[in-house]
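Q: Enclosed is the structure file start-v5.cif (mmCIF, C-alpha atoms and all ligand atoms).
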```cif
data_model
loop_
_atom_site.group_PDB
_atom_site.id
_atom_site.type_symbol
_atom_site.label_atom_id
_atom_site.label_comp_id
_atom_site.auth_asym_id
_atom_site.auth_seq_id
_atom_site.Cartn_x
_atom_site.Cartn_y
_atom_site.Cartn_z
ATOM 1 C CA MET A 1 55.486 -22.524 4.307
ATOM 2 C CA ILE A 2 57.008 -25.921 3.691
ATOM 3 C CA GLY A 3 53.830 -27.817 4.652
ATOM 4 C CA ASP A 4 51.922 -26.424 1.673
ATOM 5 C CA GLU A 5 53.994 -28.396 -0.814
ATOM 6 C CA LEU A 6 53.991 -31.763 0.882
ATOM 7 C CA THR A 7 52.155 -34.875 -0.172
ATOM 8 C CA GLN A 8 50.772 -37.004 2.611
ATOM 9 C CA THR A 9 49.730 -40.614 2.330
ATOM 10 C CA ALA A 10 47.463 -41.796 5.108
ATOM 11 C CA PRO A 11 47.530 -45.495 5.844
ATOM 12 C CA ASP A 12 43.760 -45.909 5.316
ATOM 13 C CA ALA A 13 43.808 -48.790 2.850
ATOM 14 C CA ALA A 14 47.020 -50.288 4.160
ATOM 15 C CA PRO A 15 47.275 -53.168 6.578
ATOM 16 C CA GLU A 16 48.049 -52.205 10.135
ATOM 17 C CA SER A 17 51.613 -52.668 11.298
ATOM 18 C CA ALA A 18 52.473 -53.727 14.836
ATOM 19 C CA ALA A 19 52.892 -50.133 15.964
ATOM 20 C CA MET A 20 49.741 -48.985 14.220
ATOM 21 C CA SER A 21 47.674 -51.581 16.013
ATOM 22 C CA GLY A 22 48.849 -49.939 19.222
ATOM 23 C CA LYS A 23 47.617 -46.587 17.976
ATOM 24 C CA GLY A 24 46.131 -44.437 20.699
ATOM 25 C CA SER A 25 46.933 -46.994 23.344
ATOM 26 C CA ALA A 26 49.392 -45.155 25.521
ATOM 27 C CA THR A 27 48.048 -47.147 28.421
ATOM 28 C CA THR A 28 51.332 -48.261 29.900
ATOM 29 C CA ARG A 29 52.655 -44.722 29.961
ATOM 30 C CA ARG A 30 52.614 -42.559 32.990
ATOM 31 C CA GLY A 31 54.077 -39.212 33.888
ATOM 32 C CA ARG A 32 54.188 -36.503 31.294
ATOM 33 C CA ILE A 33 53.803 -38.403 28.021
ATOM 34 C CA GLN A 34 50.467 -38.578 26.214
ATOM 35 C CA ARG A 35 51.107 -39.366 22.538
ATOM 36 C CA VAL A 36 54.326 -40.391 20.824
ATOM 37 C CA LEU A 37 55.178 -39.872 17.160
ATOM 38 C CA LEU A 38 58.034 -41.876 15.653
ATOM 39 C CA VAL A 39 59.642 -39.865 12.858
ATOM 40 C CA LEU A 40 61.731 -41.747 10.304
ATOM 41 C CA PRO A 41 63.541 -39.461 7.851
ATOM 42 C CA ALA A 42 64.257 -41.523 4.761
ATOM 43 C CA LEU A 43 66.106 -41.205 1.504
ATOM 44 C CA ASN A 44 66.238 -44.270 -0.736
ATOM 45 C CA GLU A 45 65.976 -46.890 1.999
ATOM 46 C CA ALA A 46 63.931 -49.510 0.120
ATOM 47 C CA GLY A 47 64.129 -52.805 1.986
ATOM 48 C CA LYS A 48 65.604 -51.166 5.068
ATOM 49 C CA ILE A 49 62.590 -48.955 5.765
ATOM 50 C CA GLY A 50 60.367 -52.055 5.841
ATOM 51 C CA ALA A 51 62.787 -53.813 8.174
ATOM 52 C CA THR A 52 62.787 -50.758 10.459
ATOM 53 C CA ILE A 53 59.007 -50.370 10.597
ATOM 54 C CA SER A 54 58.332 -54.035 11.202
ATOM 55 C CA LYS A 55 60.635 -53.986 14.228
ATOM 56 C CA VAL A 56 58.629 -51.291 16.043
ATOM 57 C CA PRO A 57 56.953 -53.107 18.950
ATOM 58 C CA GLU A 58 53.267 -52.734 19.654
ATOM 59 C CA ARG A 59 52.187 -49.849 21.869
ATOM 60 C CA VAL A 60 55.599 -48.225 22.020
ATOM 61 C CA VAL A 61 54.599 -45.362 19.742
ATOM 62 C CA ASP A 62 51.200 -44.107 18.608
ATOM 63 C CA THR A 63 52.085 -43.356 14.996
ATOM 64 C CA ILE A 64 54.968 -43.974 12.621
ATOM 65 C CA LEU A 65 55.628 -41.077 10.267
ATOM 66 C CA VAL A 66 58.047 -41.543 7.391
ATOM 67 C CA ILE A 67 59.378 -38.418 5.728
ATOM 68 C CA ASP A 68 60.231 -39.618 2.268
ATOM 69 C CA ASP A 69 62.665 -37.048 0.950
ATOM 70 C CA TYR A 70 62.045 -37.588 -2.757
ATOM 71 C CA SER A 71 63.270 -41.181 -2.840
ATOM 72 C CA THR A 72 63.391 -42.849 -6.226
ATOM 73 C CA ASP A 73 63.373 -46.469 -5.052
ATOM 74 C CA GLY A 74 59.851 -46.888 -3.654
ATOM 75 C CA THR A 75 60.777 -46.155 -0.022
ATOM 76 C CA GLY A 76 57.538 -44.235 0.592
ATOM 77 C CA GLU A 77 55.332 -46.909 -0.970
ATOM 78 C CA GLU A 78 57.019 -49.619 1.100
ATOM 79 C CA ALA A 79 56.426 -47.630 4.290
ATOM 80 C CA ALA A 80 52.791 -46.896 3.429
ATOM 81 C CA ALA A 81 52.133 -50.577 2.700
ATOM 82 C CA LEU A 82 53.223 -51.337 6.259
ATOM 83 C CA GLY A 83 50.782 -48.832 7.718
ATOM 84 C CA ALA A 84 53.033 -45.820 8.271
ATOM 85 C CA VAL A 85 51.877 -42.300 7.524
ATOM 86 C CA VAL A 86 54.095 -41.025 4.722
ATOM 87 C CA ILE A 87 54.860 -37.425 3.866
ATOM 88 C CA ARG A 88 56.756 -36.986 0.638
ATOM 89 C CA HIS A 89 58.828 -33.876 0.057
ATOM 90 C CA PRO A 90 58.461 -32.375 -3.448
ATOM 91 C CA GLN A 91 62.238 -32.471 -3.833
ATOM 92 C CA ASN A 92 65.186 -33.659 -1.768
ATOM 93 C CA MET A 93 65.418 -31.173 1.101
ATOM 94 C CA GLY A 94 67.712 -32.884 3.599
ATOM 95 C CA VAL A 95 67.468 -34.866 6.792
ATOM 96 C CA GLY A 96 67.129 -31.699 8.924
ATOM 97 C CA ALA A 97 64.223 -30.457 6.819
ATOM 98 C CA ALA A 98 62.644 -33.909 7.118
ATOM 99 C CA ILE A 99 62.883 -33.936 10.912
ATOM 100 C CA ARG A 100 61.461 -30.400 10.982
ATOM 101 C CA THR A 101 58.503 -31.607 8.904
ATOM 102 C CA GLY A 102 58.039 -34.376 11.479
ATOM 103 C CA ILE A 103 58.112 -31.925 14.399
ATOM 104 C CA TYR A 104 55.525 -29.703 12.710
ATOM 105 C CA TYR A 105 53.358 -32.766 12.075
ATOM 106 C CA ALA A 106 53.599 -33.600 15.794
ATOM 107 C CA ARG A 107 52.564 -30.039 16.674
ATOM 108 C CA ASP A 108 49.639 -30.032 14.240
ATOM 109 C CA HIS A 109 48.338 -33.488 15.230
ATOM 110 C CA GLY A 110 48.734 -33.371 19.008
ATOM 111 C CA TYR A 111 51.797 -35.531 19.698
ATOM 112 C CA ASP A 112 53.635 -34.279 22.747
ATOM 113 C CA VAL A 113 56.719 -36.436 22.207
ATOM 114 C CA VAL A 114 58.744 -37.084 19.060
ATOM 115 C CA VAL A 115 61.134 -39.998 18.681
ATOM 116 C CA VAL A 116 63.547 -39.867 15.740
ATOM 117 C CA ALA A 117 65.264 -42.987 14.439
ATOM 118 C CA ALA A 118 67.154 -43.952 11.303
ATOM 119 C CA SER A 119 65.245 -45.543 8.428
ATOM 120 C CA ASP A 120 68.187 -47.712 7.464
ATOM 121 C CA ASP A 121 67.611 -50.355 10.129
ATOM 122 C CA GLN A 122 70.557 -49.238 12.281
ATOM 123 C CA ASP A 123 68.598 -48.466 15.458
ATOM 124 C CA ILE A 124 66.611 -50.896 17.629
ATOM 125 C CA PRO A 125 63.001 -49.714 17.945
ATOM 126 C CA ALA A 126 62.555 -51.986 20.985
ATOM 127 C CA GLU A 127 64.872 -49.581 22.791
ATOM 128 C CA ILE A 128 62.501 -46.614 22.349
ATOM 129 C CA PRO A 129 61.186 -47.028 25.947
ATOM 130 C CA ARG A 130 64.718 -46.331 27.204
ATOM 131 C CA LEU A 131 64.550 -42.951 25.505
ATOM 132 C CA LEU A 132 61.063 -42.221 26.794
ATOM 133 C CA GLU A 133 61.717 -43.101 30.417
ATOM 134 C CA PRO A 134 63.616 -39.940 31.479
ATOM 135 C CA ILE A 135 60.888 -37.824 29.843
ATOM 136 C CA GLU A 136 58.119 -39.819 31.518
ATOM 137 C CA GLN A 137 59.812 -39.352 34.855
ATOM 138 C CA GLY A 138 60.224 -35.624 34.278
ATOM 139 C CA ARG A 139 64.022 -35.861 34.432
ATOM 140 C CA ALA A 140 64.621 -34.593 30.882
ATOM 141 C CA GLU A 141 62.998 -33.019 27.850
ATOM 142 C CA PHE A 142 65.508 -34.401 25.361
ATOM 143 C CA VAL A 143 67.063 -37.872 25.495
ATOM 144 C CA GLN A 144 70.010 -38.711 23.291
ATOM 145 C CA GLY A 145 70.714 -42.379 22.498
ATOM 146 C CA SER A 146 74.314 -43.349 23.114
ATOM 147 C CA ARG A 147 76.101 -46.472 21.906
ATOM 148 C CA TYR A 148 78.945 -45.636 24.308
ATOM 149 C CA LEU A 149 77.055 -45.517 27.602
ATOM 150 C CA ARG A 150 77.026 -48.631 29.766
ATOM 151 C CA GLY A 151 74.206 -50.780 28.347
ATOM 152 C CA GLY A 152 74.645 -49.365 24.843
ATOM 153 C CA LYS A 153 76.098 -51.534 22.085
ATOM 154 C CA ARG A 154 77.942 -51.312 18.787
ATOM 155 C CA VAL A 155 77.272 -54.146 16.375
ATOM 156 C CA HIS A 156 79.564 -54.639 13.337
ATOM 157 C CA HIS A 157 80.804 -51.133 14.029
ATOM 158 C CA PRO A 158 83.323 -49.923 11.419
ATOM 159 C CA LEU A 159 86.604 -48.617 12.861
ATOM 160 C CA SER A 160 86.167 -45.403 10.886
ATOM 161 C CA ARG A 161 82.860 -44.787 12.693
ATOM 162 C CA THR A 162 84.413 -45.493 16.094
ATOM 163 C CA ILE A 163 87.112 -42.914 15.417
ATOM 164 C CA MET A 164 84.759 -40.357 13.935
ATOM 165 C CA THR A 165 82.088 -40.604 16.621
ATOM 166 C CA TRP A 166 84.703 -40.521 19.381
ATOM 167 C CA VAL A 167 86.473 -37.435 18.026
ATOM 168 C CA TYR A 168 83.187 -35.673 17.312
ATOM 169 C CA SER A 169 81.826 -36.404 20.789
ATOM 170 C CA ALA A 170 85.029 -35.119 22.383
ATOM 171 C CA MET A 171 84.645 -31.886 20.418
ATOM 172 C CA PHE A 172 80.953 -31.708 21.361
ATOM 173 C CA THR A 173 81.908 -32.066 25.031
ATOM 174 C CA LEU A 174 84.555 -29.343 24.823
ATOM 175 C CA ILE A 175 82.370 -26.892 22.967
ATOM 176 C CA SER A 176 79.123 -27.487 24.892
ATOM 177 C CA PHE A 177 80.717 -27.799 28.360
ATOM 178 C CA HIS A 178 78.604 -30.944 28.879
ATOM 179 C CA ARG A 179 79.686 -34.574 28.758
ATOM 180 C CA VAL A 180 78.579 -35.991 25.402
ATOM 181 C CA THR A 181 79.455 -39.591 24.574
ATOM 182 C CA ASP A 182 77.631 -39.995 21.243
ATOM 183 C CA GLY A 183 76.985 -36.651 19.621
ATOM 184 C CA THR A 184 76.312 -38.029 16.138
ATOM 185 C CA ASN A 185 73.574 -40.437 17.175
ATOM 186 C CA GLY A 186 70.302 -39.611 15.429
ATOM 187 C CA PHE A 187 68.279 -41.891 17.744
ATOM 188 C CA ARG A 188 66.608 -39.602 20.273
ATOM 189 C CA ALA A 189 63.332 -38.548 21.898
ATOM 190 C CA PHE A 190 62.177 -35.097 22.889
ATOM 191 C CA LEU A 191 59.180 -33.036 23.893
ATOM 192 C CA THR A 192 57.581 -31.455 20.842
ATOM 193 C CA SER A 193 57.202 -28.211 22.790
ATOM 194 C CA THR A 194 60.909 -28.142 23.612
ATOM 195 C CA ALA A 195 61.899 -28.514 19.948
ATOM 196 C CA LEU A 196 59.402 -25.815 18.995
ATOM 197 C CA SER A 197 60.888 -23.429 21.550
ATOM 198 C CA PHE A 198 63.886 -23.049 19.200
ATOM 199 C CA PRO A 199 63.809 -21.239 15.838
ATOM 200 C CA LEU A 200 63.785 -24.382 13.680
ATOM 201 C CA ASP A 201 62.703 -22.599 10.536
ATOM 202 C CA GLN A 202 66.230 -21.591 9.548
ATOM 203 C CA GLU A 203 67.358 -22.780 6.144
ATOM 204 C CA TRP A 204 70.930 -23.522 7.207
ATOM 205 C CA LEU A 205 69.556 -26.388 9.355
ATOM 206 C CA ASN A 206 68.095 -28.268 6.383
ATOM 207 C CA ARG A 207 70.782 -30.939 5.941
ATOM 208 C CA TYR A 208 72.780 -32.588 8.737
ATOM 209 C CA GLU A 209 72.857 -29.494 10.946
ATOM 210 C CA LEU A 210 69.469 -29.772 12.661
ATOM 211 C CA GLU A 211 70.303 -32.862 14.721
ATOM 212 C CA PRO A 212 73.405 -31.465 16.517
ATOM 213 C CA TYR A 213 71.692 -28.062 16.672
ATOM 214 C CA LEU A 214 68.760 -29.474 18.681
ATOM 215 C CA TYR A 215 71.009 -31.463 20.982
ATOM 216 C CA PHE A 216 73.301 -28.497 21.605
ATOM 217 C CA ARG A 217 70.391 -26.151 22.347
ATOM 218 C CA CYS A 218 68.874 -28.662 24.769
ATOM 219 C CA LEU A 219 72.209 -29.081 26.544
ATOM 220 C CA GLN A 220 72.478 -25.303 26.860
ATOM 221 C CA LYS A 221 68.969 -25.253 28.298
ATOM 222 C CA GLY A 222 69.939 -27.972 30.778
ATOM 223 C CA VAL A 223 67.198 -30.402 29.703
ATOM 224 C CA ALA A 224 69.171 -33.115 27.841
ATOM 225 C CA VAL A 225 70.367 -36.490 29.103
ATOM 226 C CA GLU A 226 71.769 -39.594 27.422
ATOM 227 C CA ALA A 227 70.351 -43.115 27.462
ATOM 228 C CA PRO A 228 72.073 -46.314 26.321
ATOM 229 C CA ALA A 229 71.212 -47.491 22.802
ATOM 230 C CA THR A 230 72.487 -49.954 20.238
ATOM 231 C CA LYS A 231 73.759 -49.078 16.776
ATOM 232 C CA VAL A 232 73.837 -51.865 14.216
ATOM 233 C CA TYR A 233 75.834 -51.719 10.991
ATOM 234 C CA PRO A 234 75.307 -54.210 8.164
ATOM 235 C CA VAL A 235 77.736 -57.144 8.096
ATOM 236 C CA GLU A 236 77.869 -56.881 4.342
ATOM 237 C CA ARG A 237 79.416 -53.459 3.681
ATOM 238 C CA LYS A 238 78.218 -53.501 0.062
ATOM 239 C CA ILE A 239 74.686 -52.881 1.339
ATOM 240 C CA GLY A 240 75.776 -49.369 2.339
ATOM 241 C CA TYR A 241 74.999 -47.769 5.636
ATOM 242 C CA THR A 242 75.420 -44.058 5.134
ATOM 243 C CA LYS A 243 74.436 -41.128 2.976
ATOM 244 C CA MET A 244 77.075 -38.926 4.585
ATOM 245 C CA ARG A 245 79.875 -37.744 2.355
ATOM 246 C CA PRO A 246 83.296 -37.468 4.014
ATOM 247 C CA PHE A 247 84.444 -33.951 4.953
ATOM 248 C CA ARG A 248 81.638 -32.031 3.269
ATOM 249 C CA ASP A 249 78.940 -33.539 5.535
ATOM 250 C CA TRP A 250 81.228 -33.801 8.562
ATOM 251 C CA TRP A 251 81.569 -30.040 8.367
ATOM 252 C CA LYS A 252 77.750 -29.826 8.418
ATOM 253 C CA ILE A 253 77.566 -31.632 11.775
ATOM 254 C CA PHE A 254 80.413 -29.557 13.232
ATOM 255 C CA ARG A 255 79.162 -26.159 12.033
ATOM 256 C CA PRO A 256 76.217 -25.791 14.469
ATOM 257 C CA LEU A 257 78.453 -26.332 17.500
ATOM 258 C CA LEU A 258 80.843 -23.634 16.391
ATOM 259 C CA LEU A 259 78.220 -21.141 15.276
ATOM 260 C CA LEU A 260 76.138 -21.529 18.434
ATOM 261 C CA ARG A 261 79.138 -21.315 20.755
ATOM 262 C CA LEU A 262 80.360 -18.178 18.983
ATOM 263 C CA GLY A 263 76.874 -16.682 19.136
ATOM 264 C CA MET A 264 76.773 -16.335 15.354
ATOM 265 C CA ARG A 265 73.514 -18.265 15.113
ATOM 266 C CA HIS A 266 70.673 -18.768 17.546
HETATM 267 N N1 LIG B 1 64.696 -37.295 4.645
HETATM 268 C C1 LIG B 1 65.990 -37.474 4.421
HETATM 269 N N2 LIG B 1 66.585 -38.440 5.065
HETATM 270 C C2 LIG B 1 67.891 -38.613 4.842
HETATM 271 C C3 LIG B 1 68.656 -37.824 3.958
HETATM 272 N N3 LIG B 1 69.928 -38.243 4.019
HETATM 273 C C4 LIG B 1 69.938 -39.264 4.900
HETATM 274 N N4 LIG B 1 68.713 -39.489 5.387
HETATM 275 C C5 LIG B 1 68.248 -40.500 6.344
HETATM 276 O O1 LIG B 1 68.829 -40.236 7.605
HETATM 277 C C6 LIG B 1 69.102 -41.466 8.272
HETATM 278 C C7 LIG B 1 70.535 -41.513 8.713
HETATM 279 O O2 LIG B 1 71.375 -41.296 7.595
HETATM 280 P P1 LIG B 1 72.825 -41.926 7.412
HETATM 281 O O3 LIG B 1 73.440 -41.254 6.235
HETATM 282 O O4 LIG B 1 72.752 -43.399 7.388
HETATM 283 O O5 LIG B 1 73.645 -41.458 8.692
HETATM 284 P P2 LIG B 1 73.639 -42.086 10.149
HETATM 285 O O6 LIG B 1 72.863 -43.352 10.190
HETATM 286 O O7 LIG B 1 73.258 -41.007 11.091
HETATM 287 O O8 LIG B 1 75.137 -42.407 10.445
HETATM 288 P P3 LIG B 1 76.027 -43.536 9.767
HETATM 289 O O9 LIG B 1 75.142 -44.616 9.303
HETATM 290 O O10 LIG B 1 76.971 -43.933 10.831
HETATM 291 O O11 LIG B 1 76.708 -42.808 8.647
HETATM 292 C C8 LIG B 1 68.757 -42.565 7.275
HETATM 293 O O12 LIG B 1 67.503 -43.063 7.641
HETATM 294 C C9 LIG B 1 68.691 -41.870 5.936
HETATM 295 O O13 LIG B 1 67.764 -42.444 5.040
HETATM 296 C C10 LIG B 1 67.973 -36.797 3.251
HETATM 297 O O14 LIG B 1 68.531 -36.058 2.442
HETATM 298 N N5 LIG B 1 66.644 -36.663 3.529
HETATM 299 MG MG MG B 2 73.203 -44.990 8.525
#
```
Just give me the structure as structure tokens.
Ligand SMILES: Nc1nc2c(ncn2[C@@H]2O[C@H](COP(=O)(O)OP(=O)(O)OP(=O)(O)O)[C@@H](O)[C@H]2O)c(=O)[nH]1
Ligand SMILES: [Mg+2]
A:
Amino acid sequence: MIGDELTQTAPDAAPESAAMSGKGSATTRRGRIQRVLLVLPALNEAGKIGATISKVPERVVDTILVIDDYSTDGTGEEAAALGAVVIRHPQNMGVGAAIRTGIYYARDHGYDVVVVAASDDQDIPAEIPRLLEPIEQGRAEFVQGSRYLRGGKRVHHPLSRTIMTWVYSAMFTLISFHRVTDGTNGFRAFLTSTALSFPLDQEWLNRYELEPYLYFRCLQKGVAVEAPATKVYPVERKIGYTKMRPFRDWWKIFRPLLLLRLGMRH
């Protein structure tokens, strides 16, 4: 069991961040949502993880959980200092494995909704309510952020990303038989119980596969919708905005669609 090997840092001695001070205060929520866990999978995002956490508005989530996937640059320490709960993997396991750890944490600690966002400061935490709204209203169990929906935005968006996300979303639409405008977007919210209704504990989902896998399964189940979201890329390209390697990792995001459609995986 993965959980046996993990190291968890509770934010006991750390100062409270904006989101932490809203802990347990889901007062403005109505409908189906009780407690929200924000999961930030992170690999070597020093500087950016702090920027991400400090942008989470008060009372939008109950807890921020950073899954530090064996970073070597102090990412976990930076997150803990800002009041996040940090789970550190004993070795680099992949973004899918990190999100799975987050979902299991939600299950074990009573969070009924999980929000996933990037740790590299590319999503806007103030937009989390947009993702929660369809769940609150009972219209969806999985809400996918989309930079291409009306109301969504692309800031300093590289042309290569526009082409890649467009082509990928077109393929997603064709293969899933549902309109998908931003299939690669990792900014999403879902019911913990919905995620757990799928067999997440499959090793082939450990890297980039889990995110499209979850979205595809929710589309098949008829419980997924999109909501507008903004994606921000750094002006200064030298800063780096991605861990994805061309071709090798693109195949990893395409593979789940193919395997699920062909019935070769479940
Ligand atoms: N836990 C964990 N997180 C990872 C790993 N690889 C990437 N991430 C995190 O996943 C998030 C998204 O990764 P990126 O490589 O930037 O990909 P993206 O943001 O979805 O897309 P682009 O920025 O457009 O390439 C970031 O917060 C990364 O730190 C990993 O091996 N383990
Ligand atoms: Mg990125």
Q: If I take CA of Ser176 (chain A) and CA of Lys252 (chain A), how far is one from the other in Å, to one decimal?
A: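 CA of Lys252 (chain A) lies 16.7 Å from CA of Ser176 (chain A).
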Q: Applied to the shown file, which residues does the PyMOL selection byres (((chain A and resi 149) around 9) and not hetatm) return, written as number ranges by chain?
A: A: 145-148, 150-153, 181-182, 226-229
Q: Please enumerate the residues selected by the PyMOL selection byres (((not hetatm)) within 9 of (chain B and resi 1)) when evaluated against the supplied file, formatted as an MDAnalysis selection string.
A: chainID A and resid 40:45 48:49 66:71 88:89 92:99 117:123 157:158 161 165 184:187 206:208 231:233 240:245
Q: Can you work out the spacing between CA of Val36 (chain A) and CA of Leu257 (chain A) in Å, to one decimal?
A: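 Separation between CA of Val36 (chain A) and CA of Leu257 (chain A): 28.1 Å.
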Q: Of the candidates A:Ile239, A:Met171, A:Leu219, A:Ala224, which one gets nearest to ligand MG 2 (chain B) if we count all atoms listed in the file?
A: A:Ile239
Q: Please indicate the distance in Å from CA of Ala189 (chain A) to CA of Glu58 (chain A), rounded to one decimal place.
A: 17.5 Å
Q: I'd like the neighbourhood of region 124-127 of chain A as a ChimeraX atom specification, where a residue qualifies if any of its atoms comes within 7 Å (using only C-alpha atoms), though same-chain residues fewer than 6 positions away should be ignored.
A: /A:55-57,229-230
Q: Limited to C-alpha atoms, could you put the picked residues into a file as a PDB file, in the coordinates of the input?
A:
```
ATOM      1  CA  LYS A  55      60.635 -53.986  14.228  1.00  0.00           C
ATOM      2  CA  VAL A  56      58.629 -51.291  16.043  1.00  0.00           C
ATOM      3  CA  PRO A  57      56.953 -53.107  18.950  1.00  0.00           C
ATOM      4  CA  ALA A 229      71.212 -47.491  22.802  1.00  0.00           C
ATOM      5  CA  THR A 230      72.487 -49.954  20.238  1.00  0.00           C
TER       6      THR A 230
END
```
Q: Given the PyMOL selection byres (((chain A and resi 178) around 10) and not hetatm) and the file above, list the residues it selects as a VMD selection string.
A: chain A and resid 172 to 177 179 to 181 216 219 to 220 222 224 to 225
Q: Point out the residue among A:Val143, A:Val167, A:Ala46, A:Ile253 with the least atom-to-atom distance to Cys218 (chain A), counting only C-alpha atoms.
A: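 Looking at the shortest contact to Cys218 (chain A), the residue is A:Val143.
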Q: Would you kindly identify which residues have an atom no farther than 12 Å from (60.0, -39.5, 31.8), using all atoms listed in the file and the file's own coordinates, and write them out as a list in words?
A: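 Residues with an atom close enough to that point: Arg29, Arg30, Gly31, Arg32, Ile33, Gln34, Val113, Pro129, Arg130, Leu131, Leu132, Glu133, Pro134, Ile135, Glu136, Gln137, Gly138, Arg139, Ala140, Glu141, Phe142, Val143, Ala189, Phe190, Leu191, Val223, Ala224, Val225 and Ala227 of chain A.
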Q: Would you place a box with edges along x, y and z of the file around all atoms of region 221-231 of chain A listed there, add 3 Å to each of its six sides, and report the centre and edge lengths in Å to one decimal, as lines of an AutoDock Vina configuration file?
A:
```
center_x = 70.5
center_y = -37.6
center_z = 23.8
size_x = 12.6
size_y = 30.7
size_z = 20.0
```
Q: Name the closest residue to Arg107 (chain A) among the candidates A:Leu196, A:Leu210, A:Val235, A:Ala79; distances are taken between atoms, counting all atoms listed in the file.
A: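 Selected residue with least distance to Arg107 (chain A): A:Leu196.
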Q: I need the residue nearest Tyr104 (chain A) from this list: A:Val39, A:Ala170, A:Val60, A:Leu262. Use all atoms listed in the file for the distance.
A: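 Nearest candidate to Tyr104 (chain A) out of A:Val39, A:Ala170, A:Val60, A:Leu262: A:Val39.
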Q: For each of A:Gly74, A:Gly110, A:Pro234, A:Pro256, take the minimum atom-to-atom distance to ligand MG 2 (chain B), counting only C-alpha atoms and all ligand atoms, then give the residue where this is smallest.
A: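 Counting only C-alpha atoms and all ligand atoms, the residue closest to ligand MG 2 (chain B) is A:Pro234.
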Q: Reconstruct region 57-68 of chain A at the level of N, CA and C atoms, and format the result as a PDB file, in the coordinates of the input.
A:
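Heads up, here's the output in result-v8.pdb:
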```pdb
ATOM      1  N   PRO A  57      57.868 -52.283  18.158  1.00  0.00           N
ATOM      2  CA  PRO A  57      56.953 -53.107  18.950  1.00  0.00           C
ATOM      3  C   PRO A  57      55.601 -52.427  19.148  1.00  0.00           C
ATOM      4  N   GLU A  58      54.615 -53.249  19.382  1.00  0.00           N
ATOM      5  CA  GLU A  58      53.267 -52.734  19.654  1.00  0.00           C
ATOM      6  C   GLU A  58      53.253 -51.793  20.850  1.00  0.00           C
ATOM      7  N   ARG A  59      52.475 -50.769  20.758  1.00  0.00           N
ATOM      8  CA  ARG A  59      52.187 -49.849  21.869  1.00  0.00           C
ATOM      9  C   ARG A  59      53.347 -48.980  22.318  1.00  0.00           C
ATOM     10  N   VAL A  60      54.475 -49.057  21.610  1.00  0.00           N
ATOM     11  CA  VAL A  60      55.599 -48.225  22.020  1.00  0.00           C
ATOM     12  C   VAL A  60      55.438 -46.803  21.491  1.00  0.00           C
ATOM     13  N   VAL A  61      54.907 -46.695  20.268  1.00  0.00           N
ATOM     14  CA  VAL A  61      54.599 -45.362  19.742  1.00  0.00           C
ATOM     15  C   VAL A  61      53.152 -45.380  19.249  1.00  0.00           C
ATOM     16  N   ASP A  62      52.588 -44.179  19.079  1.00  0.00           N
ATOM     17  CA  ASP A  62      51.200 -44.107  18.608  1.00  0.00           C
ATOM     18  C   ASP A  62      51.121 -44.104  17.093  1.00  0.00           C
ATOM     19  N   THR A  63      52.102 -43.456  16.454  1.00  0.00           N
ATOM     20  CA  THR A  63      52.085 -43.356  14.996  1.00  0.00           C
ATOM     21  C   THR A  63      53.512 -43.380  14.464  1.00  0.00           C
ATOM     22  N   ILE A  64      53.674 -44.015  13.318  1.00  0.00           N
ATOM     23  CA  ILE A  64      54.968 -43.974  12.621  1.00  0.00           C
ATOM     24  C   ILE A  64      54.812 -43.044  11.430  1.00  0.00           C
ATOM     25  N   LEU A  65      55.662 -42.043  11.374  1.00  0.00           N
ATOM     26  CA  LEU A  65      55.628 -41.077  10.267  1.00  0.00           C
ATOM     27  C   LEU A  65      56.942 -41.157   9.508  1.00  0.00           C
ATOM     28  N   VAL A  66      56.847 -41.494   8.240  1.00  0.00           N
ATOM     29  CA  VAL A  66      58.047 -41.543   7.391  1.00  0.00           C
ATOM     30  C   VAL A  66      58.094 -40.279   6.544  1.00  0.00           C
ATOM     31  N   ILE A  67      59.209 -39.572   6.602  1.00  0.00           N
ATOM     32  CA  ILE A  67      59.378 -38.418   5.728  1.00  0.00           C
ATOM     33  C   ILE A  67      60.239 -38.872   4.566  1.00  0.00           C
ATOM     34  N   ASP A  68      59.557 -39.129   3.462  1.00  0.00           N
ATOM     35  CA  ASP A  68      60.231 -39.618   2.268  1.00  0.00           C
ATOM     36  C   ASP A  68      60.738 -38.397   1.499  1.00  0.00           C
TER      37      ASP A  68
END
```
